[in-house]
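Before any comments, here is the structure.
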Amino acid sequence: MEIDINKALRHAGINEEALNIKEISGGSISKAYTVETKTNKYFVKWHEEAPTDFFRQESLGLQFLEEAEALNVPTVYGWDKKFIVMEFINGQKTATTEEELGHGIAALHSCKGSVFGLEEDNFIGELPQINAWDESWIPFLRDKRLLPQIELARSLGRLSKSRAKYAYYILDHLEKWVPDHDNAVKLHGDLWNGNWLADSSGHPYFIDPAVWYGDFEFELAFTYLFGGFSDTIYAAYNECNPIDKLFEERKPLYQLYYLFVHLNIFGESYGSAVDKILSRYAK
């Protein structure tokens, strides 16, 4: 189906015609374009069959991050069912970018909430992310994060007998490895190395959030899963928010949520990574 970039611009209150439209790669969910008009340059994401509220939730997530005053986010000019129009961010890292990023992530994690979750459900990738409030970390981790993804894996035929045995054992015994607490903080929610950018001055920007109030270690664990975050970033983070030595013992368990998400989206290529973590804790 034809993508009408000018319609998206008009919907966002931009009364200029697109003079140059360039599709760019990198996203696995939406088509992405840089759009130049006479006076400005924009970033447009388009998804013809986006889930209901998909781009609304992206806009709300960026607002959630902006309100933390931790790091910049792109300005959102407008969104609709099939698209979102944003500020175009394009630059390169400088000598201070990674330190600023580490401090910024720590600043985000200093924004406290009263409970875990969020006012509304949103998305992790294209999958629903359940955010119903909970006052304690372990029940939230079990019932709102791990269990929905495990049940989805079962419905997709990706939960073998042994995988199910280990997964449900872990759900029933989370307190063996995870301390329960009520210290909920703001999280980006999908913080891998592809979800931040540097602007023309080298300042880091958050993009593509899946926000909620959660345990900051849960977010840190994901940053380690696919790599790309330097020692400089973690050192800067640790200056502001020291990391518990026992985090290393919990880290793989917290990565399990994101690995189940990838298993459910992309298939069995992530199965061995899931099984490795399950067997570590359940055997």
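Each chain in the structure tokens gets a letter, A, B, ..., in the order shown, and its residues are numbered from 1; ligands are numbered from 1 in order too.
Omitting A:Tyr237 and its sequence neighbours fewer than 3 positions away, and counting only C-alpha atoms, the residues within 7 Å are Gly102, His103, Ile105, Ala106, Ile233, Tyr234, Cys240 and Asn241 of chain A.
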Dump as a JSON list (two decimals), in the first residue's frame, selection limited to N, CA and C atoms:
[["chain", "number", "residue", "atom", "x", "y", "z"],
["A", 102, "GLY", "N", 25.96, 7.40, 30.45],
["A", 102, "GLY", "CA", 25.94, 6.68, 31.72],
["A", 102, "GLY", "C", 25.32, 7.49, 32.84],
["A", 103, "HIS", "N", 25.69, 8.75, 32.91],
["A", 103, "HIS", "CA", 25.10, 9.63, 33.93],
["A", 103, "HIS", "C", 23.59, 9.79, 33.68],
["A", 105, "ILE", "N", 21.44, 7.68, 32.16],
["A", 105, "ILE", "CA", 20.69, 6.47, 32.54],
["A", 105, "ILE", "C", 20.53, 6.41, 34.05],
["A", 106, "ALA", "N", 21.60, 6.73, 34.77],
["A", 106, "ALA", "CA", 21.52, 6.75, 36.23],
["A", 106, "ALA", "C", 20.51, 7.80, 36.71],
["A", 233, "ILE", "N", 30.57, 3.85, 29.94],
["A", 233, "ILE", "CA", 29.16, 4.07, 30.28],
["A", 233, "ILE", "C", 28.85, 3.52, 31.65],
["A", 234, "TYR", "N", 29.28, 2.28, 31.92],
["A", 234, "TYR", "CA", 28.98, 1.66, 33.21],
["A", 234, "TYR", "C", 29.71, 2.35, 34.36],
["A", 240, "CYS", "N", 27.06, 7.44, 39.89],
["A", 240, "CYS", "CA", 25.82, 8.06, 40.35],
["A", 240, "CYS", "C", 24.90, 7.08, 41.07],
["A", 241, "ASN", "N", 24.95, 5.82, 40.66],
["A", 241, "ASN", "CA", 24.06, 4.80, 41.21],
["A", 241, "ASN", "C", 24.85, 3.50, 41.35]]
Handout entry: Residue neighbourhood A:Ile5, 12 Å, only C-alpha atoms, exclusion window fewer than 4 positions, as a list in words
Key =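 Residues meeting the cut-off are Leu9, Arg10, His11, Ala12, Ile14, Glu16, Glu17, Ala18, Leu19, Asn20, Ile21, Lys22, Glu23, Lys31, Ala32, Tyr33, Thr34, Val35, Glu36, Thr37, Tyr42, Phe43, Val44, Lys45, Trp46, Lys82, Phe83, Ile84 and Val85 of chain A.
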Restrict the calculation to only C-alpha atoms, then for each residue of stretch 246-267 of chain A with any atom at most 9 Å from an atom of stretch 174-181 of chain A give the closest atom pair and their distance in Å to one decimal, rows by chain and rising residue number, as JSON lines.
{"residue": "A:Glu249", "atom": "CA", "partner": "A:Trp177", "partner_atom": "CA", "distance": 7.6}
{"residue": "A:Arg250", "atom": "CA", "partner": "A:Trp177", "partner_atom": "CA", "distance": 6.5}
{"residue": "A:Leu253", "atom": "CA", "partner": "A:Trp177", "partner_atom": "CA", "distance": 8.4}
Practice task
Just give me the gap between atom CA of A:Gly117 and atom CA of A:Phe140 in Å, one decimal is fine.
Solution key: 7.8 Å
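For the set A:Asn90, A:Gln149, A:Gln255, A:Thr52, the residue with the smallest atom-to-atom gap to A:Trp192 is A:Gln255, counting only C-alpha atoms.
Reported to one decimal place, the separation of atom CA of A:Leu259 from atom CA of A:Val185 is 22.2 Å.
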Exercise for the section: Run DSSP on the backbone of this structure and report the residues of stretch 64-250 of chain A it assigns to strand (DSSP E or B), as a ChimeraX atom specification. Expected result: /A:72,76-79,83-87,112-113,116-117,122-124,127-129,134,184-187,196-198,204-206,212-214
Exercise for the section: Go through A:Ala236, A:Ile3, A:Ala167, A:Ile243 and flag the residue nearest A:Phe218, using only C-alpha atoms for the distances. Expected result: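 For A:Phe218, the nearest of the candidates is A:Ile243.
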Any chance you could tabulate, as JSON lines, the residues of stretch 142-184 of chain A at most 8 Å from stretch 263-271 of chain A with each one's nearest atom pair and distance in Å to one decimal, using only C-alpha atoms, in chain and rising number order?
{"residue": "A:Gln149", "atom": "CA", "partner": "A:Asn264", "partner_atom": "CA", "distance": 7.5}
{"residue": "A:Leu152", "atom": "CA", "partner": "A:Asn264", "partner_atom": "CA", "distance": 7.1}
{"residue": "A:Ala153", "atom": "CA", "partner": "A:Asn264", "partner_atom": "CA", "distance": 5.8}
{"residue": "A:Leu156", "atom": "CA", "partner": "A:Asn264", "partner_atom": "CA", "distance": 7.4}
{"residue": "A:Arg158", "atom": "CA", "partner": "A:Glu268", "partner_atom": "CA", "distance": 7.3}
Written selection (N, CA, C and O atoms) as a short mmCIF file (atom, residue, chain, number, x, y, z; two decimals), in the first residue's frame:
data_model
loop_
_atom_site.label_atom_id
_atom_site.label_comp_id
_atom_site.auth_asym_id
_atom_site.auth_seq_id
_atom_site.Cartn_x
_atom_site.Cartn_y
_atom_site.Cartn_z
N GLN A 149 5.05 -13.80 29.03
CA GLN A 149 5.90 -14.24 27.92
C GLN A 149 6.03 -15.75 27.89
O GLN A 149 6.09 -16.37 26.80
N LEU A 152 2.81 -16.97 26.43
CA LEU A 152 2.79 -16.72 25.00
C LEU A 152 3.65 -17.74 24.27
O LEU A 152 3.26 -18.25 23.21
N ALA A 153 4.81 -18.07 24.83
CA ALA A 153 5.66 -19.09 24.22
C ALA A 153 4.92 -20.43 24.15
O ALA A 153 5.01 -21.15 23.15
N LEU A 156 2.48 -20.40 21.31
CA LEU A 156 3.15 -20.41 20.01
C LEU A 156 3.87 -21.73 19.73
O LEU A 156 4.51 -21.88 18.69
N ARG A 158 6.40 -22.89 21.53
CA ARG A 158 7.83 -22.69 21.77
C ARG A 158 8.22 -22.98 23.21
O ARG A 158 9.26 -22.52 23.69
#
Completion exercise
Closest of A:Gln92, A:Asn15, A:Ser28, A:Ser279 to A:Gly125, counting only C-alpha atoms, is A:Ser28
Exercise for the section: Would you mind telling me which residue in A:His203, A:Lys245, A:Lys276, A:Lys251 lies nearest to A:Glu100 when using only C-alpha atoms? Expected result: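 Of the candidates, the smallest distance to A:Glu100 is held by A:His203.
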Exercise for the section: Select from stretch 62-210 of chain A everything DSSP, run on the backbone, classes as alpha helix (DSSP H), then give the selection as JSON, numbers by chain. Expected result: {"A": [62, 63, 64, 65, 66, 67, 97, 98, 99, 100, 101, 102, 103, 104, 105, 106, 107, 108, 137, 138, 139, 140, 147, 148, 149, 150, 151, 152, 153, 154, 155, 161, 162, 163, 164, 165, 166, 167, 168, 169, 170, 171, 172]}
Problem - Shortest interatomic distance to A:Gly189 - which of A:Phe64, A:Phe247, A:Phe54, A:Tyr166, counting only C-alpha atoms - result: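 Once distances to A:Gly189 are computed over only C-alpha atoms, the minimum belongs to A:Phe64.
Pairwise distance (atom CA of A:Gly91, atom CA of A:Ser230) equals 18.6 Å.
The smallest atom-to-atom distance between A:Glu87 and any of A:Phe260, A:Tyr281, A:Tyr205, A:Tyr169, using only C-alpha atoms, is found for A:Tyr205.
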Report as a tab-separated table: every residue of stretch 208-265 of chain A with an atom at most 12 Å from stretch 136-139 of chain A, its closest pair of atoms, and their distance in Å to one decimal, counting only C-alpha atoms, with rows sorted by chain and ascending residue number.
residue	atom	partner	partner_atom	distance
A:Tyr213	CA	A:Trp137	CA	10.2
A:Gly214	CA	A:Trp137	CA	7.6
A:Asp215	CA	A:Trp137	CA	7.4
A:Phe216	CA	A:Trp137	CA	11.1
A:Glu217	CA	A:Trp137	CA	11.5
A:Phe218	CA	A:Trp137	CA	10.7
A:Tyr254	CA	A:Ile138	CA	11.5
Exercise for the section: Excluding A:Thr232 and residues on its chain fewer than 3 positions from it, collect all residues at most 7 Å away from it, counting only C-alpha atoms, and give them as a list of chain:residue names. Expected result: A:Glu98, A:Glu99, A:Ala235, A:Ala236
